[in-house]
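S.K.: Just passing along the structure, written as structure tokens.
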Amino acid sequence: MTEQFQANVRIVSGVAKVLWGRFIGDGHRVASGRVEQLSGEAALACARARSRAVREGSVAGA
């Protein structure tokens with residue numbers, strides 16, 4: 001559950017960076033925010049898959 005929370009925080013932080021970067025016209029901040037958002041989405045997908053594997057009894061990567 002903590003991994004999912006951290007991933008969601010990373011997604012929200014990335015979105016905020018993208019919006020702020022667009023507002024001030026900083027392309028680097030927009031790109032950085034998008035990368036952070038995508039890494040959060042990937043982390044969330046991994047955490048969900050790991051959680052599902054544990055619930056089903058097949059622990060992945062143990």
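In the structure tokens, chains take the letters A, B, ... in the order shown, each chain's residues start at 1, and ligands count up from 1 in the order shown.
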Show me, as a count of residues only, the residues that have an atom within 7 Å of Val15 in chain A when counting only C-alpha atoms, minus same-chain residues fewer than 2 positions from it.
M.R.: 9
S.K.: Could you check which of A:Arg48, A:Ser39, A:Ser32, A:Gly25 is closest to Arg10 in chain A, using only C-alpha atoms?
M.R.: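 Of A:Arg48, A:Ser39, A:Ser32, A:Gly25, the one nearest Arg10 in chain A, counting only C-alpha atoms, is A:Ser39.
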S.K.: Out of A:Ala16, A:Ala53, A:Ala47, A:Met1, which residue has the shortest atom-to-atom distance to Arg29 in chain A when counting only C-alpha atoms?
M.R.: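 Between A:Ala16, A:Ala53, A:Ala47, A:Met1, the residue approaching Arg29 in chain A most closely is A:Ala16.
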S.K.: Can you list, as an mmCIF file with C-alpha atoms, in the first residue's frame, every protein, DNA or RNA residue that comes within 12 Å of Gln4 in chain A when you count only C-alpha atoms, leaving out same-chain residues fewer than 2 positions away?
M.R.:
```cif
data_model
loop_
_atom_site.group_PDB
_atom_site.id
_atom_site.type_symbol
_atom_site.label_atom_id
_atom_site.label_comp_id
_atom_site.auth_asym_id
_atom_site.auth_seq_id
_atom_site.Cartn_x
_atom_site.Cartn_y
_atom_site.Cartn_z
ATOM 1 C CA MET A 1 0.000 0.000 0.000
ATOM 2 C CA THR A 2 2.869 2.366 0.755
ATOM 3 C CA GLN A 6 4.331 6.893 -3.149
ATOM 4 C CA ALA A 7 3.629 6.191 -6.829
ATOM 5 C CA ASN A 8 0.489 8.333 -6.718
ATOM 6 C CA VAL A 9 2.430 11.170 -5.066
ATOM 7 C CA ARG A 10 5.031 10.937 -7.833
ATOM 8 C CA ILE A 11 2.295 11.107 -10.481
ATOM 9 C CA GLY A 40 5.071 7.120 -11.094
ATOM 10 C CA GLU A 41 2.645 5.377 -13.420
ATOM 11 C CA ALA A 42 5.159 2.567 -13.985
ATOM 12 C CA ALA A 43 5.793 2.231 -10.246
ATOM 13 C CA LEU A 44 2.052 2.097 -9.622
ATOM 14 C CA ALA A 45 1.601 -0.649 -12.223
ATOM 15 C CA CYS A 46 4.416 -2.676 -10.637
ATOM 16 C CA ALA A 47 3.025 -2.236 -7.139
ATOM 17 C CA ARG A 48 -0.435 -3.335 -8.272
ATOM 18 C CA ALA A 49 0.966 -6.390 -10.061
ATOM 19 C CA ARG A 50 3.040 -7.315 -7.012
ATOM 20 C CA SER A 51 0.021 -6.891 -4.751
#
```
S.K.: State, in Å with one decimal place, the distance from CA of Gly14 in chain A to CA of Ala31 in chain A.
M.R.: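 One can read the CA of Gly14 in chain A to CA of Ala31 in chain A distance as 9.4 Å.
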